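So this block is entry.cif, mmCIF, C-alpha atoms and all ligand atoms:
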```
data_target
#
loop_
_atom_site.group_PDB
_atom_site.id
_atom_site.type_symbol
_atom_site.label_atom_id
_atom_site.label_comp_id
_atom_site.auth_asym_id
_atom_site.auth_seq_id
_atom_site.Cartn_x
_atom_site.Cartn_y
_atom_site.Cartn_z
ATOM 1 C CA MET A 1 -2.858 16.621 10.069
ATOM 2 C CA THR A 2 -2.584 14.719 13.368
ATOM 3 C CA ARG A 3 0.711 12.838 13.601
ATOM 4 C CA PHE A 4 0.797 9.075 13.827
ATOM 5 C CA LYS A 5 3.263 6.252 13.322
ATOM 6 C CA ILE A 6 2.712 3.648 10.610
ATOM 7 C CA ALA A 7 4.453 0.238 10.762
ATOM 8 C CA LEU A 8 5.084 -1.817 7.626
ATOM 9 C CA ALA A 9 5.500 -5.458 8.669
ATOM 10 C CA GLN A 10 7.794 -6.876 5.997
ATOM 11 C CA ILE A 11 7.158 -10.542 6.748
ATOM 12 C CA ASN A 12 9.312 -13.243 5.181
ATOM 13 C CA VAL A 13 6.304 -15.242 3.941
ATOM 14 C CA GLN A 14 6.615 -19.017 4.304
ATOM 15 C CA LEU A 15 4.737 -22.048 2.964
ATOM 16 C CA ASP A 16 3.297 -22.660 6.441
ATOM 17 C CA LYS A 17 0.203 -20.481 6.812
ATOM 18 C CA ASN A 18 0.196 -20.698 10.614
ATOM 19 C CA ALA A 19 3.824 -19.593 10.752
ATOM 20 C CA ASN A 20 2.886 -16.523 8.659
ATOM 21 C CA LEU A 21 0.018 -15.683 11.007
ATOM 22 C CA GLU A 22 2.226 -16.200 14.042
ATOM 23 C CA LYS A 23 4.830 -13.852 12.554
ATOM 24 C CA ALA A 24 2.134 -11.262 11.788
ATOM 25 C CA ASN A 25 1.036 -11.443 15.427
ATOM 26 C CA GLU A 26 4.611 -10.986 16.688
ATOM 27 C CA MET A 27 5.337 -8.079 14.382
ATOM 28 C CA ALA A 28 2.090 -6.254 15.224
ATOM 29 C CA LEU A 29 2.848 -6.638 18.947
ATOM 30 C CA GLU A 30 6.328 -5.231 18.430
ATOM 31 C CA ALA A 31 4.927 -2.356 16.326
ATOM 32 C CA SER A 32 2.323 -1.426 18.923
ATOM 33 C CA LYS A 33 4.978 -1.435 21.676
ATOM 34 C CA ASN A 34 6.999 0.917 19.486
ATOM 35 C CA GLY A 35 4.099 3.360 19.270
ATOM 36 C CA ALA A 36 2.587 2.488 15.882
ATOM 37 C CA GLY A 37 -1.077 3.411 15.462
ATOM 38 C CA LEU A 38 -1.447 1.612 12.134
ATOM 39 C CA VAL A 39 0.163 -1.674 11.070
ATOM 40 C CA VAL A 40 0.274 -2.823 7.429
ATOM 41 C CA PHE A 41 1.017 -6.348 6.165
ATOM 42 C CA PRO A 42 2.136 -7.272 2.638
ATOM 43 C CA GLU A 43 0.068 -8.512 -0.284
ATOM 44 C CA CYS A 44 -0.640 -12.260 0.101
ATOM 45 C CA PHE A 45 0.974 -12.352 3.525
ATOM 46 C CA ASN A 46 -0.551 -15.686 4.581
ATOM 47 C CA THR A 47 0.346 -17.571 1.385
ATOM 48 C CA PRO A 48 3.409 -17.847 -0.825
ATOM 49 C CA TYR A 49 2.927 -15.427 -3.722
ATOM 50 C CA ASP A 50 2.310 -18.049 -6.410
ATOM 51 C CA THR A 51 -0.913 -18.786 -8.301
ATOM 52 C CA LYS A 52 -0.524 -22.505 -7.602
ATOM 53 C CA TYR A 53 -1.198 -21.886 -3.893
ATOM 54 C CA PHE A 54 -3.957 -19.277 -4.009
ATOM 55 C CA ARG A 55 -6.978 -21.609 -4.251
ATOM 56 C CA ASP A 56 -5.750 -23.844 -1.416
ATOM 57 C CA TYR A 57 -4.993 -20.919 0.885
ATOM 58 C CA ALA A 58 -8.189 -19.029 0.051
ATOM 59 C CA GLU A 59 -10.670 -18.204 2.820
ATOM 60 C CA VAL A 60 -14.235 -16.968 2.965
ATOM 61 C CA ILE A 61 -14.369 -13.430 4.367
ATOM 62 C CA ASP A 62 -17.493 -12.860 6.420
ATOM 63 C CA THR A 63 -17.304 -9.300 7.720
ATOM 64 C CA SER A 64 -19.942 -9.858 10.418
ATOM 65 C CA ASN A 65 -18.463 -13.161 11.577
ATOM 66 C CA PRO A 66 -14.688 -13.219 10.923
ATOM 67 C CA SER A 67 -12.857 -16.546 10.952
ATOM 68 C CA GLY A 68 -9.376 -17.846 10.082
ATOM 69 C CA THR A 69 -6.971 -15.085 9.073
ATOM 70 C CA THR A 70 -9.517 -12.295 9.462
ATOM 71 C CA LEU A 71 -10.409 -13.419 12.995
ATOM 72 C CA MET A 72 -6.734 -13.521 13.899
ATOM 73 C CA LEU A 73 -6.179 -10.014 12.503
ATOM 74 C CA SER A 74 -9.240 -8.742 14.337
ATOM 75 C CA ASN A 75 -7.874 -10.151 17.608
ATOM 76 C CA ILE A 76 -4.448 -8.619 17.042
ATOM 77 C CA ALA A 77 -5.995 -5.209 16.302
ATOM 78 C CA LYS A 78 -8.064 -5.416 19.505
ATOM 79 C CA GLU A 79 -5.263 -6.691 21.732
ATOM 80 C CA CYS A 80 -2.703 -4.210 20.422
ATOM 81 C CA GLY A 81 -5.172 -1.324 20.073
ATOM 82 C CA VAL A 82 -3.938 -0.596 16.547
ATOM 83 C CA PHE A 83 -5.546 -0.141 13.144
ATOM 84 C CA ILE A 84 -4.524 -2.939 10.768
ATOM 85 C CA VAL A 85 -4.404 -3.049 6.988
ATOM 86 C CA GLY A 86 -4.363 -6.815 6.595
ATOM 87 C CA GLY A 87 -2.129 -6.887 3.521
ATOM 88 C CA SER A 88 -4.125 -9.171 1.319
ATOM 89 C CA ILE A 89 -5.215 -12.791 1.359
ATOM 90 C CA PRO A 90 -6.750 -15.017 -1.307
ATOM 91 C CA GLU A 91 -10.520 -14.817 -0.788
ATOM 92 C CA LYS A 92 -13.120 -17.320 -1.954
ATOM 93 C CA ASP A 93 -16.545 -15.811 -2.486
ATOM 94 C CA PRO A 94 -18.993 -18.601 -1.503
ATOM 95 C CA TRP A 95 -21.826 -17.127 -3.596
ATOM 96 C CA SER A 96 -20.116 -16.768 -6.963
ATOM 97 C CA GLY A 97 -17.339 -19.336 -6.413
ATOM 98 C CA LYS A 98 -14.883 -16.667 -7.615
ATOM 99 C CA TYR A 99 -11.523 -15.927 -6.008
ATOM 100 C CA PHE A 100 -10.283 -12.422 -5.191
ATOM 101 C CA ASN A 101 -7.048 -10.898 -3.915
ATOM 102 C CA THR A 102 -8.485 -9.082 -0.914
ATOM 103 C CA SER A 103 -7.339 -6.672 1.772
ATOM 104 C CA VAL A 104 -9.322 -6.363 4.999
ATOM 105 C CA VAL A 105 -8.939 -3.330 7.276
ATOM 106 C CA PHE A 106 -9.609 -3.315 11.043
ATOM 107 C CA ASP A 107 -10.016 -0.487 13.502
ATOM 108 C CA ASN A 108 -8.300 -0.528 16.909
ATOM 109 C CA HIS A 109 -11.253 -2.454 18.396
ATOM 110 C CA GLY A 110 -10.873 -5.251 15.839
ATOM 111 C CA ILE A 111 -13.930 -4.210 13.816
ATOM 112 C CA ILE A 112 -13.690 -4.617 10.041
ATOM 113 C CA ILE A 113 -14.002 -1.148 8.534
ATOM 114 C CA ALA A 114 -13.085 -1.794 4.890
ATOM 115 C CA VAL A 115 -12.567 -4.580 2.355
ATOM 116 C CA HIS A 116 -10.689 -3.975 -0.890
ATOM 117 C CA ARG A 117 -10.622 -6.501 -3.727
ATOM 118 C CA LYS A 118 -7.618 -5.881 -5.999
ATOM 119 C CA MET A 119 -9.021 -4.109 -9.041
ATOM 120 C CA HIS A 120 -6.117 -4.544 -11.459
ATOM 121 C CA LEU A 121 -4.725 -8.052 -11.603
ATOM 122 C CA ALA A 122 -1.037 -8.468 -12.339
ATOM 123 C CA ASP A 123 -0.734 -10.284 -15.653
ATOM 124 C CA LEU A 124 2.840 -9.606 -16.711
ATOM 125 C CA ASN A 125 4.600 -11.412 -19.508
ATOM 126 C CA ALA A 126 8.239 -10.466 -19.873
ATOM 127 C CA PRO A 127 10.009 -13.840 -20.193
ATOM 128 C CA GLY A 128 13.361 -13.912 -18.429
ATOM 129 C CA ARG A 129 12.299 -10.933 -16.329
ATOM 130 C CA VAL A 130 8.835 -11.526 -14.919
ATOM 131 C CA VAL A 131 5.926 -13.773 -15.856
ATOM 132 C CA LEU A 132 2.790 -13.580 -13.721
ATOM 133 C CA SER A 133 -0.849 -14.363 -14.367
ATOM 134 C CA GLU A 134 -3.010 -13.549 -11.369
ATOM 135 C CA SER A 135 -6.119 -13.710 -13.512
ATOM 136 C CA ASP A 136 -5.589 -17.476 -13.866
ATOM 137 C CA VAL A 137 -7.085 -17.598 -10.365
ATOM 138 C CA PHE A 138 -8.430 -14.222 -9.308
ATOM 139 C CA SER A 139 -11.299 -12.100 -10.562
ATOM 140 C CA PRO A 140 -10.915 -8.321 -10.380
ATOM 141 C CA GLY A 141 -12.642 -6.209 -7.744
ATOM 142 C CA SER A 142 -14.702 -3.234 -8.845
ATOM 143 C CA ASP A 143 -14.531 -0.627 -6.089
ATOM 144 C CA ILE A 144 -12.170 2.092 -4.969
ATOM 145 C CA THR A 145 -11.676 1.774 -1.203
ATOM 146 C CA VAL A 146 -11.193 4.535 1.353
ATOM 147 C CA PHE A 147 -11.435 4.144 5.132
ATOM 148 C CA ALA A 148 -11.690 6.650 7.952
ATOM 149 C CA THR A 149 -9.165 6.830 10.809
ATOM 150 C CA PRO A 150 -8.656 9.304 13.663
ATOM 151 C CA TRP A 151 -5.853 10.813 11.524
ATOM 152 C CA GLY A 152 -7.885 11.274 8.371
ATOM 153 C CA ASN A 153 -9.172 9.243 5.441
ATOM 154 C CA ILE A 154 -6.789 6.693 3.919
ATOM 155 C CA GLY A 155 -7.020 5.209 0.415
ATOM 156 C CA LEU A 156 -6.205 1.562 -0.244
ATOM 157 C CA GLY A 157 -5.032 -0.338 -3.313
ATOM 158 C CA ILE A 158 -3.105 -3.589 -3.773
ATOM 159 C CA CYS A 159 0.268 -3.672 -5.568
ATOM 160 C CA TYR A 160 -0.451 -3.523 -9.329
ATOM 161 C CA ASP A 161 -3.371 -1.161 -8.555
ATOM 162 C CA ILE A 162 -0.688 1.497 -7.987
ATOM 163 C CA ARG A 163 -0.054 1.621 -11.726
ATOM 164 C CA PHE A 164 -3.561 3.014 -12.265
ATOM 165 C CA THR A 165 -3.266 6.474 -10.822
ATOM 166 C CA GLU A 166 -6.991 7.171 -11.109
ATOM 167 C CA ILE A 167 -7.435 5.287 -7.818
ATOM 168 C CA SER A 168 -5.186 7.729 -5.987
ATOM 169 C CA LEU A 169 -6.582 10.771 -7.802
ATOM 170 C CA ILE A 170 -10.199 9.885 -7.090
ATOM 171 C CA SER A 171 -9.399 9.050 -3.464
ATOM 172 C CA ALA A 172 -7.600 12.371 -3.045
ATOM 173 C CA ARG A 173 -10.178 14.534 -4.790
ATOM 174 C CA ARG A 174 -13.387 12.807 -3.767
ATOM 175 C CA ASP A 175 -12.459 11.571 -0.300
ATOM 176 C CA ASN A 176 -9.707 13.951 0.699
ATOM 177 C CA VAL A 177 -7.330 11.158 1.724
ATOM 178 C CA ILE A 178 -4.185 11.988 3.700
ATOM 179 C CA MET A 179 -2.308 9.007 2.279
ATOM 180 C CA MET A 180 -2.577 5.967 0.039
ATOM 181 C CA ILE A 181 -1.533 2.512 1.256
ATOM 182 C CA PHE A 182 -0.552 -0.273 -1.163
ATOM 183 C CA PRO A 183 0.161 -3.683 0.375
ATOM 184 C CA ALA A 184 2.335 -5.185 -2.333
ATOM 185 C CA ALA A 185 4.391 -8.080 -3.610
ATOM 186 C CA PHE A 186 6.234 -6.336 -6.424
ATOM 187 C CA THR A 187 8.676 -8.404 -8.389
ATOM 188 C CA ALA A 188 12.242 -7.413 -7.574
ATOM 189 C CA PRO A 189 12.998 -5.925 -11.018
ATOM 190 C CA ASN A 190 9.841 -3.781 -11.077
ATOM 191 C CA GLY A 191 9.313 -2.663 -7.480
ATOM 192 C CA GLN A 192 12.026 -0.039 -7.361
ATOM 193 C CA MET A 193 10.493 1.735 -10.354
ATOM 194 C CA PHE A 194 7.399 2.487 -8.298
ATOM 195 C CA TRP A 195 8.764 3.198 -4.854
ATOM 196 C CA GLU A 196 12.139 4.761 -5.400
ATOM 197 C CA ILE A 197 11.834 7.598 -7.886
ATOM 198 C CA TYR A 198 12.827 11.225 -8.045
ATOM 199 C CA VAL A 199 10.121 13.883 -8.463
ATOM 200 C CA ALA A 200 10.951 17.311 -9.896
ATOM 201 C CA GLY A 201 8.658 20.339 -9.867
ATOM 202 C CA CYS A 202 9.564 23.536 -11.699
ATOM 203 C CA GLY A 203 7.659 26.755 -10.937
ATOM 204 C CA PRO A 204 7.924 30.384 -12.045
ATOM 205 C CA ALA A 205 9.929 32.797 -9.898
ATOM 206 C CA GLN A 206 8.068 34.954 -7.396
ATOM 207 C CA ASP A 207 7.178 38.485 -8.498
ATOM 208 C CA GLU A 208 5.370 40.717 -6.008
ATOM 209 C CA THR A 209 4.565 43.262 -8.696
ATOM 210 C CA VAL A 210 2.168 41.027 -10.662
ATOM 211 C CA PRO A 211 -1.267 39.791 -9.499
ATOM 212 C CA PHE A 212 -0.344 36.097 -9.572
ATOM 213 C CA HIS A 213 2.054 35.243 -6.757
ATOM 214 C CA SER A 214 3.831 32.039 -7.645
ATOM 215 C CA ASN A 215 5.120 29.812 -4.873
ATOM 216 C CA ALA A 216 8.384 29.366 -6.838
ATOM 217 C CA HIS A 217 10.613 26.951 -4.838
ATOM 218 C CA SER A 218 11.287 24.649 -7.776
ATOM 219 C CA THR A 219 12.112 21.437 -6.007
ATOM 220 C CA VAL A 220 13.553 17.990 -6.508
ATOM 221 C CA VAL A 221 12.544 15.338 -3.996
ATOM 222 C CA GLY A 222 14.712 12.219 -3.795
ATOM 223 C CA PRO A 223 13.544 8.621 -3.611
ATOM 224 C CA ASP A 224 14.032 8.784 0.147
ATOM 225 C CA GLY A 225 11.368 11.516 0.303
ATOM 226 C CA LEU A 226 13.854 14.228 1.254
ATOM 227 C CA VAL A 227 14.177 17.514 -0.628
ATOM 228 C CA VAL A 228 17.410 17.394 -2.630
ATOM 229 C CA VAL A 229 17.148 20.905 -4.079
ATOM 230 C CA ASP A 230 14.917 23.899 -3.341
ATOM 231 C CA GLY A 231 15.307 26.771 -5.782
ATOM 232 C CA GLY A 232 14.044 29.562 -3.490
ATOM 233 C CA VAL A 233 11.990 32.408 -4.947
ATOM 234 C CA GLU A 234 14.259 34.363 -7.334
ATOM 235 C CA GLU A 235 14.582 33.906 -11.070
ATOM 236 C CA LYS A 236 17.350 31.399 -11.724
ATOM 237 C CA VAL A 237 18.140 28.039 -13.201
ATOM 238 C CA VAL A 238 17.965 25.375 -10.510
ATOM 239 C CA TYR A 239 20.224 22.366 -10.989
ATOM 240 C CA CYS A 240 20.187 18.950 -9.384
ATOM 241 C CA ASP A 241 22.508 16.002 -9.932
ATOM 242 C CA ILE A 242 20.131 13.068 -10.144
ATOM 243 C CA GLY A 243 21.627 9.951 -8.646
ATOM 244 C CA MET A 244 22.982 11.727 -5.525
ATOM 245 C CA VAL A 245 20.608 9.626 -3.439
ATOM 246 C CA PRO A 246 21.375 5.938 -4.003
ATOM 247 C CA LEU A 247 18.369 4.069 -5.383
ATOM 248 C CA ASN A 248 19.145 1.053 -3.257
ATOM 249 C CA LEU A 249 18.164 2.368 0.134
ATOM 250 C CA HIS A 250 17.933 -0.826 2.133
HETATM 251 N N1 LIG B 301 1.828 -8.512 -7.132
HETATM 252 C C1 LIG B 301 1.778 -7.668 -8.132
HETATM 253 O O1 LIG B 301 0.797 -6.992 -8.370
HETATM 254 C C2 LIG B 301 3.043 -7.568 -8.939
HETATM 255 C C3 LIG B 301 3.078 -6.299 -9.717
HETATM 256 C C4 LIG B 301 4.398 -5.983 -10.306
HETATM 257 O O2 LIG B 301 5.438 -6.566 -10.043
HETATM 258 C C5 LIG B 301 4.398 -4.868 -11.250
HETATM 259 O O3 LIG B 301 5.407 -4.691 -11.927
HETATM 260 O O4 LIG B 301 3.400 -4.132 -11.344
#
```
Mind turning the file's structure into structure tokens?
Ligand SMILES: NC(=O)CCC(=O)C(=O)O
Amino acid sequence: MTRFKIALAQINVQLDKNANLEKANEMALEASKNGAGLVVFPECFNTPYDTKYFRDYAEVIDTSNPSGTTLMLSNIAKECGVFIVGGSIPEKDPWSGKYFNTSVVFDNHGIIIAVHRKMHLADLNAPGRVVLSESDVFSPGSDITVFATPWGNIGLGICYDIRFTEISLISARRDNVIMMIFPAAFTAPNGQMFWEIYVAGCGPAQDETVPFHSNAHSTVVGPDGLVVVDGGVEEKVVYCDIGMVPLNLH
């Protein structure tokens, strides 16, 4: 895989749409100066994440004639020479009158190369913890989205889409993606569960005398993506103290 640098622009989204766009511009410029080839913005980066704002902030997305937020993102991509995953913005479809939570992707010439409408809307009802009802405003999209880059194919979902692993599996198996990107606005109590988890794999020991040569190397990877334990190839019990890597990595 060709190496490249990705930049995640963690904007502090404000009520003022223009201020959000200005900040996006600034952060993309900084990222390109720091060698990023691909810049990603958050879910609903031009609007406060609240259903009461989505209709007012919504824009028509015309891929052949970008305007508003999409025109601005196209210009940034062109000026900075970077690919951009434009987080998501509330979209109004002029034909159906429906609203979507939509991510637009640009190549390094500012050309729109993909549009993803969030497929799984976040309707969460855990009073005292999180209550959300995106479907009060948005309609769900229907397509899995993959786009091509010089580094390989990349799959795209938006936040709650991550819970439905079929998107990642299909993108990996059908389109051979090198990575998945999820612009997101996870609620604070839930986000860590998705992004900061341990993964453990346990394999059989290696045995050169049998036809099947196992890789062995039973491994635990920490929430920071680093290997915490690698069991090597011999027969043994491999132990790992979970919790060695703090879950709050900020
Ligand atoms: N913006 C979202 O999709 C929120 C999803 C979320 O917090 C979750 O738990 O899932």
Hey, what's within 8 Å of A:Ser214 if we count only C-alpha atoms and toss same-chain stuff fewer than 6 positions away? As an MDAnalysis selection string, please?
-> chainID A and resid 203:207
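If you measure from each of A:Asp136, A:Asp50, A:Glu59, A:Asp224 to ligand LIG 301 (chain B) using only C-alpha atoms and all ligand atoms, the closest one turns out to be A:Asp50.
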Which residues form the shell of 9 Å around ligand LIG 301 (chain B) when you count only C-alpha atoms and all ligand atoms, given as a list in words?
-> Glu43, Cys44, Tyr49, Lys118, His120, Leu121, Ala122, Asp123, Leu124, Val130, Leu132, Glu134, Ile158, Cys159, Tyr160, Asp161, Ile162, Arg163, Ala184, Ala185, Phe186, Thr187, Ala188, Pro189, Asn190, Gly191, Met193 and Phe194 of chain A
Find the nearest atom pair between each residue of stretch 165-230 of chain A and stretch 1-20 of chain A for residues within 12 Å, count all atoms listed in the file, give distances in Å to one decimal, sort rows by chain and ascending number, and present the table as a tab-separated table.
```
residue	atom	partner	partner_atom	distance
A:Asn176	CA	A:Met1	CA	11.9
A:Val177	CA	A:Met1	CA	10.9
A:Ile178	CA	A:Met1	CA	8.0
A:Met179	CA	A:Met1	CA	10.9
A:Ile181	CA	A:Leu8	CA	10.2
A:Phe182	CA	A:Leu8	CA	10.6
A:Pro183	CA	A:Leu8	CA	9.0
A:Ala184	CA	A:Gln10	CA	10.1
A:Ala185	CA	A:Gln10	CA	10.3
```
Any chance you could export the current selection's C-alpha atoms as a compact mmCIF listing (two decimals), in the frame of the given file?
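New file again-v2.txt:
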```txt
# COMPACT_ATOMS: atom_id res chain seq x y z
CA ASN A 176 -9.71 13.95 0.70
CA VAL A 177 -7.33 11.16 1.72
CA ILE A 178 -4.18 11.99 3.70
CA MET A 179 -2.31 9.01 2.28
CA ILE A 181 -1.53 2.51 1.26
CA PHE A 182 -0.55 -0.27 -1.16
CA PRO A 183 0.16 -3.68 0.38
CA ALA A 184 2.34 -5.18 -2.33
CA ALA A 185 4.39 -8.08 -3.61
```
Kindly resolve the PyMOL selection byres (((chain A and resi 156) around 8) and not hetatm) on the present coordinates and return the residues as a PDB file with C-alpha atoms, in the coordinates of the input.
```pdb
ATOM      1  CA  HIS A 116     -10.689  -3.975  -0.890  1.00  0.00           C
ATOM      2  CA  ILE A 144     -12.170   2.092  -4.969  1.00  0.00           C
ATOM      3  CA  THR A 145     -11.676   1.774  -1.203  1.00  0.00           C
ATOM      4  CA  VAL A 146     -11.193   4.535   1.353  1.00  0.00           C
ATOM      5  CA  PHE A 147     -11.435   4.144   5.132  1.00  0.00           C
ATOM      6  CA  ILE A 154      -6.789   6.693   3.919  1.00  0.00           C
ATOM      7  CA  GLY A 155      -7.020   5.209   0.415  1.00  0.00           C
ATOM      8  CA  GLY A 157      -5.032  -0.338  -3.313  1.00  0.00           C
ATOM      9  CA  ILE A 158      -3.105  -3.589  -3.773  1.00  0.00           C
ATOM     10  CA  MET A 180      -2.577   5.967   0.039  1.00  0.00           C
ATOM     11  CA  ILE A 181      -1.533   2.512   1.256  1.00  0.00           C
ATOM     12  CA  PHE A 182      -0.552  -0.273  -1.163  1.00  0.00           C
TER      13      PHE A 182
END
```
